[in-house]
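Colleague: Hey, dropping protein_37.cif in here, mmCIF, C-alpha atoms:
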```cif
data_my_file
loop_
_atom_site.label_atom_id
_atom_site.label_comp_id
_atom_site.auth_asym_id
_atom_site.auth_seq_id
_atom_site.Cartn_x
_atom_site.Cartn_y
_atom_site.Cartn_z
CA MET W 1 -43.46 -126.80 -156.48
CA THR W 2 -39.84 -126.68 -157.63
CA MET W 3 -38.60 -126.34 -161.15
CA ALA W 4 -35.32 -126.98 -162.85
CA ASP W 5 -34.23 -125.33 -166.08
CA THR W 6 -33.15 -128.12 -168.40
CA GLY W 7 -32.43 -125.88 -171.39
CA ARG W 8 -35.38 -127.17 -173.33
CA GLY W 9 -38.00 -126.61 -170.75
CA VAL W 10 -38.79 -127.01 -167.12
CA ALA W 11 -38.72 -130.12 -165.01
CA ALA W 12 -41.32 -129.52 -162.38
CA CYS W 13 -41.35 -131.24 -159.03
CA TYR W 14 -44.53 -131.60 -157.09
CA PRO W 15 -45.41 -131.30 -154.16
CA PRO W 16 -43.74 -128.06 -153.12
CA HIS W 17 -40.13 -127.66 -152.24
CA ARG W 18 -39.91 -125.85 -148.93
CA ASN W 19 -37.05 -123.60 -149.90
CA LEU W 20 -38.48 -122.10 -153.01
CA THR W 21 -41.28 -119.73 -153.74
CA ILE W 22 -42.49 -118.73 -157.13
CA GLY W 23 -42.37 -115.00 -157.62
CA ARG W 24 -42.85 -112.49 -160.39
CA ASP W 25 -39.37 -112.97 -161.78
CA PRO W 26 -39.82 -116.48 -163.11
CA LEU W 27 -36.61 -116.99 -165.02
CA ALA W 28 -34.41 -116.02 -162.08
CA GLU W 29 -36.38 -118.35 -159.87
CA LEU W 30 -36.04 -121.12 -162.39
CA LYS W 31 -32.31 -120.73 -162.62
CA GLY W 32 -32.06 -120.72 -158.84
CA SER W 33 -34.02 -123.88 -158.52
CA ALA W 34 -31.98 -125.53 -161.23
CA ARG W 35 -28.91 -125.25 -159.05
CA GLU W 36 -30.71 -126.50 -155.98
CA TRP W 37 -32.55 -129.41 -157.44
CA GLN W 38 -30.73 -132.72 -157.62
CA PRO W 39 -33.24 -135.12 -159.14
CA SER W 40 -31.56 -138.25 -157.80
CA SER W 41 -31.61 -137.06 -154.21
CA ASP W 42 -34.59 -134.76 -154.04
CA ARG W 43 -36.71 -136.61 -151.53
CA ASN W 44 -39.27 -133.85 -151.43
CA CYS W 45 -40.15 -134.53 -155.00
CA GLY W 46 -43.20 -136.75 -155.11
CA ALA W 47 -43.48 -136.67 -158.86
CA ARG W 48 -41.89 -135.00 -161.81
CA THR W 49 -43.11 -133.83 -165.11
CA PHE W 50 -41.62 -131.99 -168.06
CA ILE W 51 -43.18 -128.75 -169.15
CA PRO W 52 -42.10 -126.89 -172.30
CA PHE W 53 -40.76 -123.37 -171.71
CA SER W 54 -43.59 -121.91 -173.70
CA THR W 55 -46.05 -123.39 -171.24
CA ALA W 56 -43.96 -122.71 -168.17
CA ARG W 57 -43.75 -119.00 -168.89
CA THR W 58 -47.51 -118.70 -168.74
CA PHE W 59 -47.48 -119.80 -165.13
CA PHE W 60 -45.79 -116.60 -164.14
CA ASP W 61 -48.03 -114.12 -165.87
CA GLY W 62 -49.30 -112.09 -162.99
CA ASP W 63 -50.00 -113.08 -159.39
CA SER W 64 -52.01 -116.11 -160.35
CA GLY W 65 -49.04 -118.01 -161.72
CA THR W 66 -48.94 -120.58 -159.00
CA GLN W 67 -52.64 -121.20 -159.32
CA ASN W 68 -52.18 -121.66 -163.04
CA PHE W 69 -49.55 -124.27 -162.39
CA ALA W 70 -51.76 -126.02 -159.87
CA SER W 71 -54.50 -126.06 -162.44
CA TYR W 72 -52.11 -127.45 -165.05
CA MET W 73 -51.02 -130.19 -162.69
CA GLY W 74 -54.53 -130.85 -161.48
CA THR W 75 -55.35 -133.80 -163.65
CA ALA W 76 -52.01 -135.47 -163.03
CA GLY W 77 -52.01 -134.87 -159.27
CA PRO W 78 -53.99 -137.93 -158.14
CA LEU W 79 -51.88 -140.20 -160.30
CA ARG W 80 -48.73 -138.86 -158.67
CA VAL W 81 -50.12 -139.41 -155.18
CA GLU W 82 -50.94 -142.94 -156.20
CA ASN W 83 -47.41 -143.48 -157.44
CA ARG W 84 -46.06 -142.20 -154.15
CA LEU W 85 -48.28 -144.64 -152.28
CA ILE W 86 -47.05 -147.51 -154.41
CA ASP W 87 -43.47 -146.50 -153.61
CA ILE W 88 -44.23 -146.47 -149.88
CA VAL W 89 -45.96 -149.84 -149.97
CA ALA W 90 -43.13 -151.36 -152.00
CA PHE W 91 -40.56 -149.98 -149.58
CA ALA W 92 -42.47 -151.26 -146.56
CA PHE W 93 -42.89 -154.68 -148.16
CA GLY W 94 -39.17 -154.88 -148.83
CA LEU W 95 -38.26 -153.71 -145.34
CA PHE W 96 -40.72 -155.82 -143.37
CA PHE W 97 -40.99 -158.93 -145.53
CA ILE W 98 -38.10 -159.36 -147.93
CA VAL W 99 -35.21 -158.16 -145.74
CA PRO W 100 -36.15 -160.33 -142.72
CA LEU W 101 -36.46 -163.40 -144.92
CA VAL W 102 -33.09 -162.71 -146.50
CA ILE W 103 -31.52 -162.32 -143.05
CA SER W 104 -33.17 -165.55 -141.91
CA ALA W 105 -31.80 -167.33 -144.98
CA VAL W 106 -28.30 -166.04 -144.27
CA LEU W 107 -28.55 -167.15 -140.64
CA TYR W 108 -29.70 -170.56 -141.81
CA ALA W 109 -26.80 -170.83 -144.25
CA LEU W 110 -24.26 -169.79 -141.63
CA GLY W 111 -25.74 -171.81 -138.75
CA ASP W 112 -25.57 -175.45 -137.79
CA ARG W 113 -27.83 -177.07 -140.29
CA VAL W 114 -29.32 -180.53 -139.97
CA LYS W 115 -28.03 -182.27 -143.06
CA GLU W 116 -30.01 -185.50 -142.73
CA TRP W 117 -33.43 -185.13 -141.16
CA ARG W 118 -33.88 -188.88 -140.72
CA THR W 119 -31.03 -189.03 -138.26
CA ALA W 120 -31.60 -185.61 -136.71
CA ASP W 121 -31.67 -185.26 -132.95
CA ARG W 122 -35.22 -185.63 -131.66
CA SER W 123 -34.35 -186.15 -128.03
CA SER W 124 -35.79 -184.19 -125.13
CA ALA W 125 -34.76 -180.57 -124.95
CA GLY W 126 -35.16 -180.66 -121.18
CA LEU W 127 -38.04 -178.20 -121.12
CA LEU W 128 -40.38 -180.42 -119.11
CA PRO W 129 -39.90 -182.04 -115.74
CA PRO W 130 -39.91 -185.84 -115.72
CA ALA W 131 -43.43 -187.20 -115.93
CA ARG W 132 -44.71 -188.82 -112.79
CA ALA W 133 -48.11 -189.38 -111.31
CA ASP W 134 -48.68 -186.71 -108.68
CA MET K 1 -49.85 -177.78 -120.29
CA ARG K 2 -47.37 -176.41 -122.81
CA VAL K 3 -47.39 -175.10 -126.34
CA PHE K 4 -44.08 -175.52 -128.13
CA SER K 5 -42.78 -174.19 -131.40
CA ALA K 6 -39.58 -175.03 -133.26
CA ARG K 7 -38.09 -174.35 -136.66
CA THR K 8 -39.29 -176.77 -139.29
CA VAL K 9 -37.21 -179.33 -141.12
CA ARG K 10 -34.43 -178.29 -143.51
CA TRP K 11 -34.66 -175.10 -145.59
CA ARG K 12 -38.28 -174.55 -144.63
CA GLY K 13 -36.95 -173.54 -141.22
CA ILE K 14 -35.88 -170.27 -142.82
CA ILE K 15 -39.46 -169.17 -142.96
CA ALA K 16 -41.53 -171.43 -140.76
CA THR K 17 -41.92 -173.09 -137.40
CA HIS K 18 -43.82 -176.19 -136.34
CA SER K 19 -46.01 -176.05 -133.24
CA TRP K 20 -47.43 -178.70 -130.94
CA ILE K 21 -49.27 -179.09 -127.66
CA VAL K 22 -48.32 -181.12 -124.61
CA VAL K 23 -50.59 -181.83 -121.66
CA LYS K 24 -50.44 -183.94 -118.55
CA GLU K 25 -53.12 -184.36 -115.93
CA ALA K 26 -51.97 -184.39 -112.33
CA ASN K 27 -52.37 -188.13 -111.94
CA ALA K 28 -51.26 -189.15 -115.41
CA PRO K 29 -48.05 -191.17 -115.63
CA ALA K 30 -46.96 -189.53 -118.87
CA TYR K 31 -47.35 -186.45 -121.03
CA SER K 32 -49.63 -186.43 -124.05
CA ARG K 33 -48.33 -184.71 -127.14
CA PHE K 34 -50.53 -183.55 -130.01
CA ASP K 35 -49.07 -182.80 -133.43
CA CYS K 36 -50.53 -182.21 -136.83
CA THR K 37 -48.26 -183.39 -139.62
CA ALA K 38 -48.15 -183.99 -143.34
CA TRP K 39 -47.40 -187.67 -142.88
CA GLY K 40 -50.46 -189.88 -143.15
CA GLU K 41 -53.45 -188.95 -141.05
CA PRO K 42 -52.77 -185.44 -139.81
CA ILE K 43 -53.28 -185.76 -136.07
CA TRP K 44 -50.44 -187.55 -134.35
CA ILE K 45 -50.65 -188.33 -130.66
CA ASP K 46 -47.56 -189.26 -128.67
CA ARG K 47 -45.45 -189.98 -131.74
CA PHE K 48 -42.61 -187.74 -130.60
CA VAL K 49 -40.86 -186.91 -127.35
CA PRO K 50 -43.07 -184.30 -125.60
CA ASP K 51 -40.37 -181.65 -125.45
CA GLY K 52 -38.21 -183.17 -128.13
CA ARG K 53 -36.09 -181.23 -130.54
CA TRP K 54 -37.87 -180.92 -133.84
CA PHE K 55 -35.43 -182.69 -136.13
CA GLY K 56 -32.52 -181.08 -134.41
CA ARG K 57 -34.10 -177.66 -133.83
CA MET K 58 -34.58 -176.48 -130.27
CA PRO K 59 -38.22 -175.83 -129.35
CA GLN K 60 -39.42 -172.71 -127.64
CA VAL K 61 -42.17 -172.53 -125.03
CA ILE K 62 -44.97 -170.37 -126.41
CA PHE K 63 -47.40 -170.87 -123.58
CA ALA K 64 -47.32 -172.66 -120.26
CA ALA K 65 -49.94 -173.30 -117.63
CA ASP K 66 -49.68 -175.43 -114.53
CA GLY K 67 -51.81 -176.43 -111.59
CA ALA K 68 -55.49 -175.70 -111.43
CA SER K 69 -55.61 -173.54 -114.55
CA ALA K 70 -54.02 -176.32 -116.57
CA GLU K 71 -56.38 -178.88 -115.08
CA ARG K 72 -59.30 -176.82 -116.26
CA MET K 73 -57.88 -176.46 -119.75
CA ILE K 74 -56.84 -180.03 -120.47
CA PRO K 75 -60.30 -181.61 -120.97
CA ARG K 76 -61.22 -178.83 -123.36
CA ILE K 77 -57.93 -179.21 -125.19
CA ARG K 78 -58.58 -182.91 -125.69
CA GLU K 79 -62.09 -182.08 -126.88
CA ALA K 80 -60.74 -179.46 -129.31
CA VAL K 81 -58.25 -181.98 -130.70
CA ARG K 82 -61.03 -184.50 -131.25
CA GLY K 83 -63.17 -181.85 -132.93
CA TYR K 84 -60.48 -180.38 -135.17
CA ALA K 85 -61.96 -179.87 -138.60
CA PHE K 86 -59.05 -181.03 -140.76
CA GLN K 87 -58.01 -184.44 -139.49
CA GLN K 88 -58.83 -186.63 -142.45
CA LEU K 89 -56.17 -188.05 -144.72
CA GLY K 90 -55.37 -185.39 -147.31
CA ASP K 91 -56.65 -182.49 -145.26
CA TYR K 92 -53.17 -181.26 -144.43
CA ARG K 93 -51.66 -178.56 -146.62
CA VAL K 94 -48.23 -177.20 -145.84
CA TRP K 95 -49.10 -173.79 -147.29
CA PRO K 96 -51.07 -171.73 -146.59
CA GLY K 97 -52.82 -174.22 -144.34
CA PRO K 98 -54.44 -176.06 -142.71
CA ASN K 99 -51.17 -177.29 -141.26
CA SER K 100 -49.61 -177.92 -137.85
CA ASN K 101 -49.87 -174.28 -136.84
CA THR K 102 -53.48 -174.07 -137.96
CA PHE K 103 -54.19 -177.02 -135.70
CA VAL K 104 -52.47 -175.56 -132.65
CA ALA K 105 -53.98 -172.11 -133.25
CA ALA K 106 -57.43 -173.69 -133.50
CA VAL K 107 -56.97 -175.55 -130.21
CA MET K 108 -55.59 -172.46 -128.50
CA GLY K 109 -58.46 -170.43 -129.87
CA SER K 110 -60.95 -172.78 -128.30
CA ILE K 111 -59.56 -172.05 -124.83
CA PRO K 112 -60.18 -168.40 -123.98
CA GLU K 113 -57.80 -168.53 -121.00
CA ILE K 114 -54.87 -169.06 -123.33
CA SER K 115 -53.94 -165.44 -123.77
CA ALA K 116 -51.06 -166.17 -126.09
CA MET K 117 -50.49 -166.54 -129.74
CA LEU K 118 -48.16 -168.43 -131.99
CA PRO K 119 -45.09 -166.62 -133.32
CA PRO K 120 -45.22 -164.86 -136.68
CA THR K 121 -43.10 -167.65 -138.12
CA ALA K 122 -45.94 -170.11 -137.49
CA ILE K 123 -47.13 -170.02 -141.07
CA GLY K 124 -50.67 -171.28 -141.27
CA LYS K 125 -51.74 -170.02 -137.87
CA ASP K 126 -54.08 -167.52 -139.52
CA PHE K 127 -55.73 -170.01 -141.83
CA PRO K 128 -59.44 -169.58 -141.12
CA VAL K 129 -60.66 -172.96 -139.90
CA ASP K 130 -64.24 -171.73 -140.04
CA GLY K 131 -63.83 -170.60 -143.64
CA ARG K 132 -64.86 -167.05 -142.85
CA TRP K 133 -63.05 -164.12 -144.38
CA ILE K 134 -63.89 -161.83 -141.48
CA GLY K 135 -64.17 -162.81 -137.87
CA MET K 136 -62.84 -162.56 -134.39
CA THR K 137 -59.22 -163.35 -133.67
CA PRO K 138 -58.49 -166.71 -132.03
CA SER K 139 -58.14 -164.95 -128.68
CA GLY K 140 -61.46 -163.18 -129.19
CA SER K 141 -59.79 -159.86 -128.50
CA GLY K 142 -59.90 -158.37 -131.98
CA ILE K 143 -60.85 -158.67 -135.60
CA ARG K 144 -59.25 -160.66 -138.35
CA ILE K 145 -59.68 -160.39 -142.08
CA ASN K 146 -58.22 -163.33 -143.91
CA LEU K 147 -58.28 -164.47 -147.52
CA ARG K 148 -57.95 -168.21 -146.93
CA GLY K 149 -54.49 -167.85 -145.47
CA TYR K 150 -53.02 -166.12 -148.51
CA ALA K 151 -53.40 -162.61 -147.13
CA GLY K 152 -54.89 -160.97 -144.12
CA LEU K 153 -54.96 -158.31 -141.48
CA THR K 154 -55.32 -158.90 -137.76
CA VAL K 155 -55.90 -156.27 -135.10
CA GLY K 156 -56.43 -157.43 -131.55
CA TRP K 157 -55.45 -156.96 -127.95
CA VAL K 158 -53.58 -160.27 -127.81
CA GLU K 159 -52.57 -160.50 -131.45
CA ARG K 160 -51.75 -156.75 -131.74
CA ILE K 161 -51.37 -155.70 -135.37
CA GLU K 162 -50.34 -158.24 -137.98
CA VAL K 163 -50.27 -158.19 -141.76
CA ASN K 164 -50.25 -161.50 -143.56
CA VAL K 165 -48.87 -161.64 -147.10
CA LEU K 166 -48.82 -165.10 -148.64
CA GLY K 167 -48.62 -166.61 -145.17
CA ALA K 168 -45.66 -164.51 -144.08
CA VAL K 169 -46.59 -162.34 -141.13
CA ALA K 170 -45.21 -158.96 -140.13
CA GLY K 171 -46.57 -156.88 -137.33
CA VAL K 172 -46.04 -154.73 -134.33
CA ASP K 173 -46.85 -155.12 -130.68
CA PHE K 174 -47.31 -151.88 -128.81
CA ARG K 175 -48.38 -153.37 -125.51
CA ARG K 176 -45.22 -155.42 -125.09
CA PRO K 177 -43.05 -153.51 -127.51
CA ALA K 178 -41.81 -155.74 -130.27
CA LEU K 179 -41.61 -156.16 -133.99
CA LYS K 180 -42.87 -159.33 -135.59
CA LEU K 181 -41.02 -160.24 -138.72
CA PRO K 182 -41.31 -163.16 -141.13
CA GLY K 183 -38.43 -165.57 -140.85
CA LEU K 184 -37.00 -163.85 -137.80
CA GLY K 185 -39.99 -164.04 -135.49
CA ARG K 186 -40.55 -161.68 -132.63
CA LEU K 187 -37.91 -159.06 -131.86
CA GLY K 188 -38.46 -157.23 -128.58
CA ALA K 189 -40.27 -157.90 -125.36
CA VAL K 190 -41.47 -161.42 -124.63
CA ALA K 191 -45.02 -161.92 -125.91
CA THR K 192 -46.64 -163.65 -122.98
CA PRO K 193 -44.98 -164.47 -119.72
CA CYS K 194 -45.67 -168.01 -118.65
CA GLN K 195 -48.39 -168.36 -116.08
CA PRO K 196 -47.12 -169.15 -112.61
CA PRO K 197 -48.31 -172.46 -111.21
CA THR K 198 -51.58 -172.21 -109.35
CA PRO K 199 -52.43 -174.66 -106.59
CA LEU K 200 -55.00 -177.32 -107.23
CA SER K 201 -58.20 -176.61 -105.36
#
```
Kindly present the structure from the file in structure tokens form.
Modeller:
Amino acid sequence: MTMADTGRGVAACYPPHRNLTIGRDPLAELKGSAREWQPSSDRNCGARTFIPFSTARTFFDGDSGTQNFASYMGTAGPLRVENRLIDIVAFAFGLFFIVPLVISAVLYALGDRVKEWRTADRSSAGLLPPARAD
Amino acid sequence: MRVFSARTVRWRGIIATHSWIVVKEANAPAYSRFDCTAWGEPIWIDRFVPDGRWFGRMPQVIFAADGASAERMIPRIREAVRGYAFQQLGDYRVWPGPNSNTFVAAVMGSIPEISAMLPPTAIGKDFPVDGRWIGMTPSGSGIRINLRGYAGLTVGWVERIEVNVLGAVAGVDFRRPALKLPGLGRLGAVATPCQPPTPLS
């Protein structure tokens, strides 16, 4: 879990950021994470949510803070995993289906195209030996 | 015996290839070529040059067999052509099949010795001619799930792993390392080396 102090509350990133642990000094940790976290490039962030400060503070009451947060996120967790899966599938579809077709279209546009199929060359490509009765 | 594949006519060549089969018995004076086309009755025999360019596009040899192995295959190929399920006027559908690649895949699938498969650009090759959603792959070496050619998943020893989305096929071949990509075809090791000629017994 990573969190960024937005001034009005906490933007929480789930699943955990490797470089951050939640300790007993929550505000210091929050400020630290706010400097580290770049939302546009944080690839460890599977999902984000916005938590009001009043709620966020309760996560750090005592040693069970992290568990409290996990409990808070519990209902939203599966939905976030699902969103991550959709992202992966969409990326794979683009990479393995859309991009190759676009490349093929570019190659077609740049290559020697047959402009008139009625007069196109249909002669032997020389891939077979001449037919003869053996 | 040869299986050829070449890019289709005009812009459709961006995404698809056309396949056909050529055979010649040892004593025959000429080759026999089998195509399935959208023009008139689907099955066309000897209407094109056996190894002719497909409207200007260079064909590629997908499978080759010579000598005794070819001699054993040819009668069954002719039988499979005669028994092809979609050879009535109006049976042909460019997408998602049954089309020319469905026809060639069906004939190849009826000959277990043909341990090859059509390229991923052969749209329609996965159309289930038996109408089943789940079944064996044409080579008999794996399992195929197919939703009438619109989507599918194939896992097999010959076919490797292929995902079919709206007829476009992407996949990976671990045995002969290669990627299979729609529009581009196979990138990597050659799928199936041609069989060396075997002497007639």
Colleague: Which residues are near Ala85 (chain K)? Cut-off 9 Å, only C-alpha atoms, ignore same chain within fewer than 6 positions. Put them as a PyMOL selection string.
Modeller: chain K and resi 91+103+129-130
Colleague: Tell me which residues come within 12 Å of (-49.0, -186.1, -124.0), as a PyMOL selection string, counting all atoms listed in the file in the file's coordinates.
Modeller: (chain W and resi 128+131) or (chain K and resi 1-3+20-25+28-35+44-52+74+77-78)
Colleague: In Å to one decimal, how far is CA of Phe4 (chain K) from CA of Pro59 (chain K)?
Modeller: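 Distance between the two atoms: 6.0 Å.
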Colleague: Could you tell me which of W:Ala92, W:Leu101, W:Leu85, W:Ala109 comes closest to chain K if we count only C-alpha atoms?
Modeller: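 Closest candidate: W:Leu101.
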Colleague: For the provided coordinates, the residues matched by the PyMOL selection byres ((chain W) within 9 of (chain K)) should be stated as a PyMOL selection string.
Modeller: chain W and resi 96-98+100-108+113-128+130-134
